[in-house]
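So this one's protein_2.cif, mmCIF, C-alpha atoms and all ligand atoms:
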data_start
loop_
_atom_site.label_atom_id
_atom_site.label_comp_id
_atom_site.auth_asym_id
_atom_site.auth_seq_id
_atom_site.Cartn_x
_atom_site.Cartn_y
_atom_site.Cartn_z
CA MET A 28 0.00 0.00 0.00
CA HIS A 29 1.33 3.47 -0.89
CA SER A 30 2.91 5.04 2.25
CA GLN A 31 0.79 8.21 1.79
CA THR A 32 -2.53 6.33 2.06
CA ARG A 33 -1.21 4.09 4.88
CA ARG A 34 -0.23 7.19 6.92
CA GLN A 35 -3.56 8.79 5.96
CA ASN A 36 -5.39 5.68 7.22
CA GLN A 37 -3.34 5.50 10.42
CA ASN A 38 -4.41 8.91 11.71
CA PRO A 39 -7.17 10.16 9.35
CA GLN A 40 -7.76 13.38 11.37
CA LYS A 41 -4.14 14.50 10.86
CA LYS A 42 -4.03 16.93 7.92
CA GLN A 43 -1.41 16.04 5.29
CA TRP A 44 0.05 19.38 4.27
CA SER A 45 1.72 20.13 0.93
CA LEU A 46 3.32 23.13 -0.73
CA GLN A 47 0.09 23.72 -2.68
CA ASP A 48 -1.62 24.66 0.60
CA PHE A 49 0.56 27.77 0.93
CA GLU A 50 1.30 31.06 -0.80
CA ILE A 51 5.02 31.75 -0.21
CA GLY A 52 6.08 35.31 0.72
CA LYS A 53 9.42 37.03 1.32
CA PRO A 54 12.42 35.18 2.76
CA LEU A 55 12.77 35.96 6.49
CA GLY A 56 16.19 34.51 7.14
CA LYS A 57 18.55 31.73 6.35
CA GLY A 58 20.42 29.24 8.47
CA LYS A 59 22.98 26.58 7.77
CA PHE A 60 20.46 23.98 6.63
CA GLY A 61 17.83 26.04 4.93
CA ARG A 62 15.79 29.19 4.73
CA VAL A 63 12.65 30.48 6.37
CA TYR A 64 9.90 32.23 4.38
CA LEU A 65 6.80 34.16 5.28
CA ALA A 66 3.84 32.10 4.05
CA ARG A 67 0.06 32.14 4.13
CA GLU A 68 -2.08 29.01 4.38
CA LEU A 69 -4.54 29.51 1.53
CA LYS A 70 -7.82 28.25 3.08
CA SER A 71 -7.48 29.86 6.53
CA LYS A 72 -5.39 32.88 5.36
CA TYR A 73 -3.26 32.11 8.44
CA ILE A 74 0.26 33.60 8.34
CA VAL A 75 3.08 31.19 9.20
CA ALA A 76 6.83 30.89 8.82
CA LEU A 77 7.78 28.07 6.46
CA LYS A 78 11.24 26.70 7.19
CA VAL A 79 12.69 24.82 4.22
CA ILE A 80 15.45 22.32 4.98
CA PHE A 81 17.37 20.50 2.24
CA LYS A 82 17.39 16.73 2.72
CA GLU A 83 20.83 16.43 1.14
CA GLN A 84 22.24 18.83 3.79
CA ILE A 85 20.62 16.77 6.54
CA GLU A 86 22.01 13.55 5.09
CA LYS A 87 25.44 15.11 4.50
CA TYR A 88 25.77 16.11 8.16
CA ARG A 89 23.92 12.97 9.28
CA LEU A 90 21.40 15.08 11.23
CA HIS A 91 18.15 13.35 10.34
CA HIS A 92 17.84 11.82 13.86
CA GLN A 93 18.49 15.27 15.38
CA LEU A 94 15.94 16.92 13.08
CA ARG A 95 13.38 14.20 13.86
CA ARG A 96 13.98 14.74 17.60
CA GLU A 97 13.68 18.55 17.15
CA MET A 98 10.35 18.08 15.38
CA GLU A 99 8.98 15.60 17.91
CA ILE A 100 10.01 17.89 20.77
CA GLN A 101 8.78 21.15 19.26
CA THR A 102 5.44 19.62 18.21
CA SER A 103 4.87 18.41 21.78
CA LEU A 104 5.55 21.80 23.41
CA ARG A 105 2.74 24.31 23.90
CA HIS A 106 3.87 27.47 25.72
CA PRO A 107 3.47 31.21 24.96
CA ASN A 108 7.26 31.63 25.00
CA VAL A 109 8.05 28.59 22.84
CA LEU A 110 7.71 28.99 19.06
CA MET A 111 5.09 26.53 17.89
CA LEU A 112 5.67 23.91 15.22
CA TYR A 113 2.20 23.43 13.68
CA GLY A 114 3.17 20.58 11.35
CA TRP A 115 5.49 19.52 8.58
CA PHE A 116 5.63 17.87 5.15
CA HIS A 117 8.32 16.95 2.61
CA ASP A 118 8.97 16.44 -1.09
CA ASP A 119 11.88 14.73 -2.85
CA GLU A 120 14.53 17.32 -1.95
CA ARG A 121 13.20 19.28 1.00
CA ILE A 122 11.55 19.06 4.41
CA TYR A 123 9.15 21.90 5.28
CA LEU A 124 8.43 22.94 8.88
CA ILE A 125 5.24 24.97 9.40
CA LEU A 126 6.22 27.30 12.22
CA GLU A 127 4.57 30.09 14.19
CA TYR A 128 5.43 33.50 12.69
CA ALA A 129 7.34 35.86 15.01
CA HIS A 130 6.67 39.29 13.50
CA ARG A 131 9.59 41.17 15.04
CA GLY A 132 12.30 38.66 14.19
CA GLU A 133 15.46 37.84 16.10
CA LEU A 134 16.07 39.29 19.56
CA TYR A 135 19.81 39.61 18.93
CA ARG A 136 19.17 42.16 16.17
CA GLU A 137 17.39 44.28 18.79
CA LEU A 138 20.38 43.73 21.10
CA ARG A 139 22.94 44.70 18.42
CA LYS A 140 20.89 47.76 17.43
CA THR A 141 20.52 49.22 20.93
CA GLY A 142 23.83 47.84 22.26
CA HIS A 143 22.18 46.61 25.45
CA LEU A 144 18.64 46.33 26.80
CA THR A 145 17.02 48.26 29.64
CA GLU A 146 16.72 46.46 32.99
CA LYS A 147 12.94 46.17 32.42
CA GLN A 148 13.39 44.53 28.99
CA ALA A 149 16.15 42.22 30.27
CA ALA A 150 14.14 41.18 33.34
CA THR A 151 11.02 40.57 31.22
CA TYR A 152 12.93 38.34 28.80
CA ILE A 153 14.69 36.43 31.60
CA ALA A 154 11.33 35.86 33.35
CA SER A 155 9.81 34.60 30.06
CA LEU A 156 12.79 32.31 29.49
CA ALA A 157 12.61 30.96 33.05
CA GLN A 158 8.89 30.19 32.59
CA ALA A 159 9.48 28.56 29.19
CA LEU A 160 12.40 26.50 30.52
CA ALA A 161 10.43 25.43 33.63
CA TYR A 162 7.74 24.18 31.24
CA CYS A 163 10.31 22.39 29.04
CA HIS A 164 12.01 20.80 32.05
CA GLU A 165 8.61 19.55 33.29
CA LYS A 166 8.35 17.80 29.90
CA ASP A 167 11.88 16.41 30.35
CA VAL A 168 13.29 18.64 27.60
CA ILE A 169 16.66 20.39 28.05
CA HIS A 170 17.15 23.02 25.33
CA ARG A 171 20.96 23.33 25.77
CA ASP A 172 21.32 25.95 23.06
CA ILE A 173 19.58 29.06 24.36
CA LYS A 174 21.35 32.01 22.74
CA PRO A 175 20.15 35.37 21.41
CA GLU A 176 20.17 34.01 17.83
CA ASN A 177 17.56 31.42 18.81
CA LEU A 178 15.24 33.90 20.48
CA LEU A 179 12.51 35.56 18.42
CA LEU A 180 9.99 38.31 19.20
CA ASP A 181 6.32 38.22 18.24
CA HIS A 182 4.21 41.25 17.26
CA GLU A 183 3.78 42.23 20.93
CA GLY A 184 7.50 41.91 21.71
CA ARG A 185 6.88 38.58 23.47
CA LEU A 186 9.92 36.30 23.51
CA LYS A 187 9.75 32.97 21.65
CA ILE A 188 12.38 30.25 22.00
CA ALA A 189 13.01 28.75 18.54
CA ASP A 190 15.31 26.12 17.04
CA PHE A 191 15.20 23.03 19.25
CA GLY A 192 17.90 21.49 17.09
CA TRP A 193 20.18 20.84 20.05
CA SER A 194 17.50 20.07 22.61
CA VAL A 195 17.19 16.57 24.03
CA GLN A 196 14.59 14.49 25.76
CA SER A 197 16.50 14.06 28.99
CA THR A 198 16.20 10.39 29.78
CA SER A 199 19.76 10.05 31.04
CA LYS A 200 22.63 12.47 31.68
CA ARG A 201 23.82 13.98 28.41
CA HIS A 202 27.41 13.89 27.12
CA THR A 203 27.24 15.32 23.60
CA MET A 204 29.08 18.57 22.89
CA CYS A 205 26.95 21.26 21.28
CA GLY A 206 26.23 25.01 21.06
CA THR A 207 28.63 27.91 20.66
CA LEU A 208 31.29 28.34 23.35
CA ASP A 209 30.13 31.51 25.08
CA TYR A 210 26.98 29.88 26.40
CA LEU A 211 28.47 26.52 27.48
CA ALA A 212 28.28 25.71 31.18
CA PRO A 213 31.47 24.38 32.83
CA GLU A 214 30.16 20.79 33.00
CA MET A 215 29.53 20.92 29.24
CA VAL A 216 32.92 22.48 28.57
CA GLU A 217 34.46 19.63 30.55
CA ASN A 218 32.20 17.28 28.57
CA LYS A 219 30.99 15.86 31.86
CA ALA A 220 27.50 14.50 32.39
CA HIS A 221 25.11 17.41 32.58
CA ASP A 222 21.47 17.95 33.31
CA TYR A 223 18.81 20.64 33.34
CA ALA A 224 21.00 23.08 35.28
CA VAL A 225 22.91 23.92 32.07
CA ASP A 226 19.92 26.00 31.01
CA ASN A 227 20.07 27.90 34.34
CA TRP A 228 23.73 28.76 33.70
CA THR A 229 22.78 30.00 30.24
CA LEU A 230 20.14 32.29 31.73
CA GLY A 231 22.96 33.92 33.70
CA ILE A 232 24.99 34.34 30.51
CA LEU A 233 22.01 35.82 28.67
CA CYS A 234 21.08 38.18 31.52
CA TYR A 235 24.64 39.52 31.50
CA GLU A 236 24.60 39.87 27.69
CA PHE A 237 21.19 41.60 27.69
CA LEU A 238 22.49 44.19 30.18
CA TYR A 239 26.08 44.70 28.93
CA GLY A 240 25.72 43.80 25.24
CA VAL A 241 28.46 41.12 25.36
CA PRO A 242 28.60 37.66 27.00
CA PRO A 243 30.59 37.59 30.30
CA PHE A 244 33.39 35.19 29.28
CA GLU A 245 34.04 36.53 25.79
CA ALA A 246 37.71 36.25 24.85
CA GLU A 247 40.01 36.44 21.85
CA SER A 248 40.33 32.67 21.48
CA GLN A 249 38.24 29.61 22.24
CA THR A 250 40.90 28.45 24.68
CA ASP A 251 40.66 31.70 26.63
CA THR A 252 36.86 31.49 26.65
CA PHE A 253 37.08 27.88 27.96
CA ARG A 254 39.53 29.03 30.63
CA ARG A 255 37.32 31.96 31.71
CA ILE A 256 34.25 29.68 31.89
CA MET A 257 36.07 27.06 33.95
CA LYS A 258 37.34 29.72 36.34
CA VAL A 259 33.94 31.50 36.30
CA ASP A 260 36.02 34.60 35.67
CA LEU A 261 33.08 37.00 36.13
CA SER A 262 33.48 40.77 36.38
CA PHE A 263 31.02 43.64 35.88
CA PRO A 264 32.11 46.66 33.79
CA SER A 265 31.43 50.11 35.33
CA THR A 266 29.35 51.10 32.28
CA PRO A 267 26.56 50.69 31.43
CA GLN A 268 25.16 51.32 34.92
CA VAL A 269 23.54 48.06 36.14
CA SER A 270 21.67 47.63 39.43
CA ALA A 271 23.12 45.59 42.30
CA GLU A 272 20.04 43.29 42.21
CA ALA A 273 20.75 42.42 38.56
CA LYS A 274 24.37 41.59 39.40
CA ASP A 275 23.15 39.52 42.35
CA LEU A 276 20.93 37.39 40.09
CA ILE A 277 23.75 36.89 37.54
CA SER A 278 26.18 35.89 40.32
CA ARG A 279 23.71 33.32 41.64
CA LEU A 280 23.37 31.71 38.19
CA LEU A 281 27.01 31.71 37.02
CA VAL A 282 28.04 29.21 39.69
CA LYS A 283 30.32 26.33 38.73
CA ASP A 284 28.61 23.75 40.94
CA SER A 285 25.41 23.15 38.96
CA SER A 286 23.53 22.08 42.12
CA LYS A 287 24.16 25.50 43.65
CA ARG A 288 22.68 27.55 40.76
CA LEU A 289 19.47 29.45 41.46
CA SER A 290 16.48 27.31 40.44
CA LEU A 291 14.06 28.54 37.76
CA GLN A 292 11.41 29.05 40.46
CA LYS A 293 13.83 31.16 42.54
CA ILE A 294 14.74 33.20 39.45
CA MET A 295 11.08 34.11 38.99
CA GLU A 296 10.91 35.17 42.67
CA HIS A 297 14.17 37.14 42.62
CA PRO A 298 13.77 40.82 43.75
CA TRP A 299 15.25 42.15 40.44
CA ILE A 300 12.75 40.09 38.41
CA MET A 301 9.79 40.94 40.72
CA LYS A 302 10.65 44.65 40.45
CA ASN A 303 11.44 44.89 36.69
CA ALA A 304 9.73 42.12 34.71
CA ASP A 305 6.56 43.09 32.85
CA PRO A 306 3.87 40.75 34.23
CA MET A 307 2.34 40.56 30.75
CA ASP A 308 5.74 39.11 29.71
CA LYS A 309 6.02 41.36 26.70
CA CYS A 310 7.97 44.48 25.87
CA SER A 311 5.41 46.13 23.62
CA LYS A 312 6.95 49.49 24.54
CA LEU A 313 9.95 48.47 22.42
CA ASP A 314 10.46 51.10 19.69
CA LEU A 315 11.33 48.62 16.94
C1 LIG A 401 16.26 29.23 8.71
C2 LIG A 401 16.18 30.24 9.74
C3 LIG A 401 16.61 29.73 11.08
C4 LIG A 401 17.77 28.94 11.17
C5 LIG A 401 18.21 28.50 12.44
C6 LIG A 401 17.51 28.84 13.59
C7 LIG A 401 16.34 29.61 13.50
C8 LIG A 401 15.61 29.97 14.77
C9 LIG A 401 15.87 31.39 15.13
C10 LIG A 401 15.89 30.05 12.25
N1 LIG A 401 14.71 30.85 12.15
C11 LIG A 401 13.48 30.28 12.31
O1 LIG A 401 13.34 29.07 12.47
N2 LIG A 401 12.39 31.15 12.30
C12 LIG A 401 11.12 30.77 12.62
C13 LIG A 401 10.34 31.88 12.56
C14 LIG A 401 11.11 32.97 12.17
C15 LIG A 401 12.39 32.49 12.01
C16 LIG A 401 10.27 34.10 12.14
N3 LIG A 401 10.47 35.39 11.85
C17 LIG A 401 11.63 35.90 11.33
O2 LIG A 401 12.65 35.25 11.07
C18 LIG A 401 11.67 37.38 11.09
C19 LIG A 401 12.89 37.95 10.73
C20 LIG A 401 12.95 39.34 10.52
C21 LIG A 401 11.82 40.16 10.65
N4 LIG A 401 11.88 41.53 10.41
C22 LIG A 401 13.23 42.11 10.40
C23 LIG A 401 13.20 43.57 10.03
N5 LIG A 401 12.26 44.34 10.86
C24 LIG A 401 12.27 45.72 10.54
C25 LIG A 401 10.90 43.78 10.73
C26 LIG A 401 10.85 42.32 11.11
C27 LIG A 401 10.61 39.55 11.00
C28 LIG A 401 10.53 38.17 11.21
N6 LIG A 401 9.04 33.65 12.53
N7 LIG A 401 9.09 32.33 12.78
#

Represent the supplied structure as structure tokens.
Amino acid sequence: MHSQTRRQNQNPQKKQWSLQDFEIGKPLGKGKFGRVYLARELKSKYIVALKVIFKEQIEKYRLHHQLRREMEIQTSLRHPNVLMLYGWFHDDERIYLILEYAHRGELYRELRKTGHLTEKQAATYIASLAQALAYCHEKDVIHRDIKPENLLLDHEGRLKIADFGWSVQSTSKRHTMCGTLDYLAPEMVENKAHDYAVDNWTLGILCYEFLYGVPPFEAESQTDTFRRIMKVDLSFPSTPQVSAEAKDLISRLLVKDSSKRLSLQKIMEHPWIMKNADPMDKCSKLDL
């Protein structure tokens, strides 16, 4: 029996999408394995982001298991700060992911444009990330690759975590190396077993970068960055002016012993977050 009809029979209610269901708009961005386009689903007129990934690239880098895992994980997650994967389809050369459209694009562009964020913006994004990660950890998902490039903003300035390419269903302790260096926690740098707490470390890195415009352990070479991470060589520049509460939160996250890092719950209750985060978890005041 043709695989299409067999799959159709297996779960009849599941819609089988195809390229003919969409009107493709402007390209929104491109990554290593493909591009993302604005698209409109013809019947519902619903706007989505269509991410096109070339099969040959996936085969070449032997990433089909990782892509399958990313899709299974992202389809199973439903959270206001996690970019939704509505569905997917493929043809001979390409795989198409039907993704939620984030109207304001990548957060790091906002960061590069303004140099650094205000304490209110930074606290709002860290609170959103802590909520999204608490939700992911409840579903046994460790993202492991939270960095500004993987954070998008919707039309209201609400943060959306995208690209679960490096995330894993945490059944056992993980050993695989991944992500760029600046965001790696010491236990990952040492390629030791690691667990959820790597995402807490990364929140500390991101909070620092939101407020100062650069990650805390940036260095000329990878070796120096490794060394600074392992030493937790953390220092706060005198400009821009950052509150003592913000520095307190960062110092409680960038702790080498992963068991001593502030928990996601404690982050949400931290005085700096309580005072500065927008309870509606969006920064609509952003002048984008
Ligand atoms: C293939 C692309 C890719 C590779 C790797 C990782 C990721 C996740 C970030 C992605 N992107 C991805 O999956 N994406 C899923 C997405 C998505 C990307 C997206 N929007 C945009 O990329 C975007 C970019 C710029 C934009 N404008 C810029 C100029 N402004 C004045 C107006 C607004 C508006 C929207 N919506 N869902």

Report task. Excluding A:Leu289 and any residue of its chain fewer than 5 positions from it, enumerate the residues within 10 Å of it, using all atoms listed in the file, and give them as a PyMOL selection string. Result -> chain A and resi 224+227-228+231+276-282+294-295+297

Can you tell me which residues sit at most 7 Å away from ligand LIG 401 (chain A), counting all atoms listed in the file, written as a compact mmCIF listing (two decimals) with C-alpha atoms, in the coordinates of the input?
# COMPACT_ATOMS: atom_id res chain seq x y z
CA LEU A 55 12.77 35.96 6.49
CA GLY A 56 16.19 34.51 7.14
CA LYS A 57 18.55 31.73 6.35
CA GLY A 58 20.42 29.24 8.47
CA LYS A 59 22.98 26.58 7.77
CA GLY A 61 17.83 26.04 4.93
CA ARG A 62 15.79 29.19 4.73
CA VAL A 63 12.65 30.48 6.37
CA ALA A 76 6.83 30.89 8.82
CA LYS A 78 11.24 26.70 7.19
CA LEU A 126 6.22 27.30 12.22
CA GLU A 127 4.57 30.09 14.19
CA TYR A 128 5.43 33.50 12.69
CA ALA A 129 7.34 35.86 15.01
CA HIS A 130 6.67 39.29 13.50
CA ARG A 131 9.59 41.17 15.04
CA GLY A 132 12.30 38.66 14.19
CA GLU A 133 15.46 37.84 16.10
CA GLU A 176 20.17 34.01 17.83
CA ASN A 177 17.56 31.42 18.81
CA LEU A 178 15.24 33.90 20.48
CA LEU A 179 12.51 35.56 18.42
CA ALA A 189 13.01 28.75 18.54
CA ASP A 190 15.31 26.12 17.04

Report summary line: Using all atoms listed in the file, the residue out of A:Ile85, A:Met301, A:Leu291, A:Val225 with shortest distance to A:Ala159 is A:Leu291

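Nearest-residue note for A:Pro107: choosing from A:Asp172, A:Asp308, A:Asp275, A:Asp48, the minimum distance belongs to A:Asp308, counting all atoms listed in the file.
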
Query - For A:Phe60, the nearest of the candidates A:Leu46, A:Leu90, A:Leu110, A:Ile188, counting all atoms listed in the file - result: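 The shortest atom-to-atom distance to A:Phe60 comes from A:Leu90.
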
Please report, as a Markdown table, each residue of stretch 107-159 of chain A lying at most 12 Å from stretch 166-170 of chain A, together with the nearest pair of atoms and the separation in Å rounded to one decimal; use only C-alpha atoms, and order rows by chain and ascending residue number.
| residue | atom | partner | partner_atom | distance |
| --- | --- | --- | --- | --- |
| A:Val109 | CA | A:His170 | CA | 11.0 |
| A:Leu156 | CA | A:His170 | CA | 11.1 |
| A:Ala157 | CA | A:His170 | CA | 12.0 |
| A:Ala159 | CA | A:His170 | CA | 10.2 |

Query raised in the report: Using all atoms listed in the file, which of A:Gln158, A:Lys70, A:Pro267, A:Glu50 sits nearest A:Tyr239?
Result: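 Under the stated criterion, the closest residue is A:Pro267.
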
Query raised in the report: How far is it from atom CA of A:Glu137 to atom CA of A:Pro306, in Å with one decimal?
Result: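 For atom CA of A:Glu137 relative to atom CA of A:Pro306, the distance reads 20.8 Å.
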
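Using only C-alpha atoms, the smallest distance between any of A:Leu69, A:Ala212, A:Ile300, A:Ile153 and A:Pro175 comes from A:Ile153.
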
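Picture a line from atom CA of A:Arg288 to atom CA of A:Glu146; it runs 21.3 Å.
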
Query raised in the report: For the atom pair atom CA of A:Phe81 and atom CA of A:Trp115, what is the interatomic distance in Å to one decimal place?
Result: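 Between atom CA of A:Phe81 and atom CA of A:Trp115 the gap works out to 13.5 Å.
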
Query raised in the report: With only C-alpha atoms as the basis for distance, which of A:Asp222, A:Glu272, A:Glu217, A:Glu296 is at the shortest distance from A:Lys258?
Result: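 Of all the options, A:Glu217 lies closest to A:Lys258.
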
Query - Residues within 12 Å of (29.4, 51.8, 32.5), file coords, only C-alpha atoms, listed as a list in words - result: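 Residues found, by chain and rising number: His143, Leu238, Tyr239, Gly240, Phe263, Pro264, Ser265, Thr266, Pro267, Gln268, Val269 and Ser270 of chain A.
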
Atoms kept (C-alpha atoms) for selection, written as an mmCIF file, in the frame of the given file:
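Final output, selection_15.cif:
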data_model
loop_
_atom_site.group_PDB
_atom_site.id
_atom_site.type_symbol
_atom_site.label_atom_id
_atom_site.label_comp_id
_atom_site.auth_asym_id
_atom_site.auth_seq_id
_atom_site.Cartn_x
_atom_site.Cartn_y
_atom_site.Cartn_z
ATOM 1 C CA HIS A 143 22.180 46.610 25.450
ATOM 2 C CA LEU A 238 22.490 44.190 30.180
ATOM 3 C CA TYR A 239 26.080 44.700 28.930
ATOM 4 C CA GLY A 240 25.720 43.800 25.240
ATOM 5 C CA PHE A 263 31.020 43.640 35.880
ATOM 6 C CA PRO A 264 32.110 46.660 33.790
ATOM 7 C CA SER A 265 31.430 50.110 35.330
ATOM 8 C CA THR A 266 29.350 51.100 32.280
ATOM 9 C CA PRO A 267 26.560 50.690 31.430
ATOM 10 C CA GLN A 268 25.160 51.320 34.920
ATOM 11 C CA VAL A 269 23.540 48.060 36.140
ATOM 12 C CA SER A 270 21.670 47.630 39.430
#

Report task. Would you list the residues near (8.4, 32.2, -0.7), meaning any protein, DNA or RNA residue with an atom at most 8 Å from that point in file coordinates, counting all atoms listed in the file, as a PyMOL selection string? Result -> chain A and resi 50-54+64-66

Can I get stretch 96-104 of chain A with all heavy atoms filled in, as a PDB file, in the frame of the given file?
ATOM      1  N   ARG A  96      14.153  14.472  16.162  1.00  0.00           N
ATOM      2  CA  ARG A  96      13.980  14.740  17.600  1.00  0.00           C
ATOM      3  C   ARG A  96      13.483  16.177  17.790  1.00  0.00           C
ATOM      4  O   ARG A  96      12.525  16.413  18.527  1.00  0.00           O
ATOM      5  CB  ARG A  96      15.326  14.560  18.315  1.00  0.00           C
ATOM      6  CG  ARG A  96      15.225  14.710  19.825  1.00  0.00           C
ATOM      7  CD  ARG A  96      16.554  14.384  20.446  1.00  0.00           C
ATOM      8  NE  ARG A  96      17.609  15.245  19.883  1.00  0.00           N
ATOM      9  CZ  ARG A  96      18.846  14.814  19.609  1.00  0.00           C
ATOM     10  NH1 ARG A  96      19.164  13.555  19.825  1.00  0.00           N
ATOM     11  NH2 ARG A  96      19.749  15.623  19.109  1.00  0.00           N
ATOM     12  N   GLU A  97      14.099  17.134  17.044  1.00  0.00           N
ATOM     13  CA  GLU A  97      13.680  18.550  17.150  1.00  0.00           C
ATOM     14  C   GLU A  97      12.195  18.660  16.846  1.00  0.00           C
ATOM     15  O   GLU A  97      11.442  19.311  17.571  1.00  0.00           O
ATOM     16  CB  GLU A  97      14.486  19.394  16.159  1.00  0.00           C
ATOM     17  CG  GLU A  97      13.973  20.830  16.039  1.00  0.00           C
ATOM     18  CD  GLU A  97      14.703  21.657  14.972  1.00  0.00           C
ATOM     19  OE1 GLU A  97      15.741  21.197  14.464  1.00  0.00           O
ATOM     20  OE2 GLU A  97      14.231  22.767  14.675  1.00  0.00           O
ATOM     21  N   MET A  98      11.755  17.953  15.793  1.00  0.00           N
ATOM     22  CA  MET A  98      10.350  18.080  15.380  1.00  0.00           C
ATOM     23  C   MET A  98       9.417  17.431  16.400  1.00  0.00           C
ATOM     24  O   MET A  98       8.401  17.998  16.771  1.00  0.00           O
ATOM     25  CB  MET A  98      10.181  17.472  13.996  1.00  0.00           C
ATOM     26  CG  MET A  98      10.877  18.318  12.936  1.00  0.00           C
ATOM     27  SD  MET A  98      11.282  17.378  11.475  1.00  0.00           S
ATOM     28  CE  MET A  98       9.688  16.991  10.887  1.00  0.00           C
ATOM     29  N   GLU A  99       9.825  16.268  16.897  1.00  0.00           N
ATOM     30  CA  GLU A  99       8.980  15.600  17.910  1.00  0.00           C
ATOM     31  C   GLU A  99       8.858  16.489  19.151  1.00  0.00           C
ATOM     32  O   GLU A  99       7.775  16.721  19.682  1.00  0.00           O
ATOM     33  CB  GLU A  99       9.577  14.246  18.312  1.00  0.00           C
ATOM     34  CG  GLU A  99       9.268  13.139  17.325  1.00  0.00           C
ATOM     35  CD  GLU A  99      10.299  12.014  17.371  1.00  0.00           C
ATOM     36  OE1 GLU A  99      11.147  12.019  18.298  1.00  0.00           O
ATOM     37  OE2 GLU A  99      10.276  11.157  16.479  1.00  0.00           O
ATOM     38  N   ILE A 100      10.015  17.049  19.560  1.00  0.00           N
ATOM     39  CA  ILE A 100      10.010  17.890  20.770  1.00  0.00           C
ATOM     40  C   ILE A 100       9.178  19.135  20.539  1.00  0.00           C
ATOM     41  O   ILE A 100       8.255  19.440  21.288  1.00  0.00           O
ATOM     42  CB  ILE A 100      11.472  18.262  21.157  1.00  0.00           C
ATOM     43  CG1 ILE A 100      12.179  17.023  21.733  1.00  0.00           C
ATOM     44  CG2 ILE A 100      11.495  19.421  22.149  1.00  0.00           C
ATOM     45  CD1 ILE A 100      13.640  17.217  22.051  1.00  0.00           C
ATOM     46  N   GLN A 101       9.450  19.846  19.447  1.00  0.00           N
ATOM     47  CA  GLN A 101       8.780  21.150  19.260  1.00  0.00           C
ATOM     48  C   GLN A 101       7.284  20.960  19.016  1.00  0.00           C
ATOM     49  O   GLN A 101       6.488  21.797  19.436  1.00  0.00           O
ATOM     50  CB  GLN A 101       9.436  21.943  18.108  1.00  0.00           C
ATOM     51  CG  GLN A 101       9.230  23.426  18.280  1.00  0.00           C
ATOM     52  CD  GLN A 101      10.268  24.285  17.556  1.00  0.00           C
ATOM     53  OE1 GLN A 101      11.265  23.783  17.075  1.00  0.00           O
ATOM     54  NE2 GLN A 101      10.012  25.573  17.473  1.00  0.00           N
ATOM     55  N   THR A 102       6.884  19.842  18.408  1.00  0.00           N
ATOM     56  CA  THR A 102       5.440  19.620  18.210  1.00  0.00           C
ATOM     57  C   THR A 102       4.748  19.373  19.549  1.00  0.00           C
ATOM     58  O   THR A 102       3.609  19.761  19.739  1.00  0.00           O
ATOM     59  CB  THR A 102       5.222  18.368  17.312  1.00  0.00           C
ATOM     60  OG1 THR A 102       6.206  18.337  16.305  1.00  0.00           O
ATOM     61  CG2 THR A 102       3.845  18.374  16.683  1.00  0.00           C
ATOM     62  N   SER A 103       5.513  18.788  20.502  1.00  0.00           N
ATOM     63  CA  SER A 103       4.870  18.410  21.780  1.00  0.00           C
ATOM     64  C   SER A 103       4.807  19.580  22.756  1.00  0.00           C
ATOM     65  O   SER A 103       4.146  19.501  23.775  1.00  0.00           O
ATOM     66  CB  SER A 103       5.681  17.284  22.425  1.00  0.00           C
ATOM     67  OG  SER A 103       6.915  17.810  22.890  1.00  0.00           O
ATOM     68  N   LEU A 104       5.513  20.677  22.451  1.00  0.00           N
ATOM     69  CA  LEU A 104       5.550  21.800  23.410  1.00  0.00           C
ATOM     70  C   LEU A 104       4.487  22.828  23.069  1.00  0.00           C
ATOM     71  O   LEU A 104       4.332  23.229  21.912  1.00  0.00           O
ATOM     72  CB  LEU A 104       6.940  22.452  23.375  1.00  0.00           C
ATOM     73  CG  LEU A 104       8.122  21.549  23.773  1.00  0.00           C
ATOM     74  CD1 LEU A 104       9.426  22.311  23.643  1.00  0.00           C
ATOM     75  CD2 LEU A 104       7.948  21.017  25.189  1.00  0.00           C
TER      76      LEU A 104
END
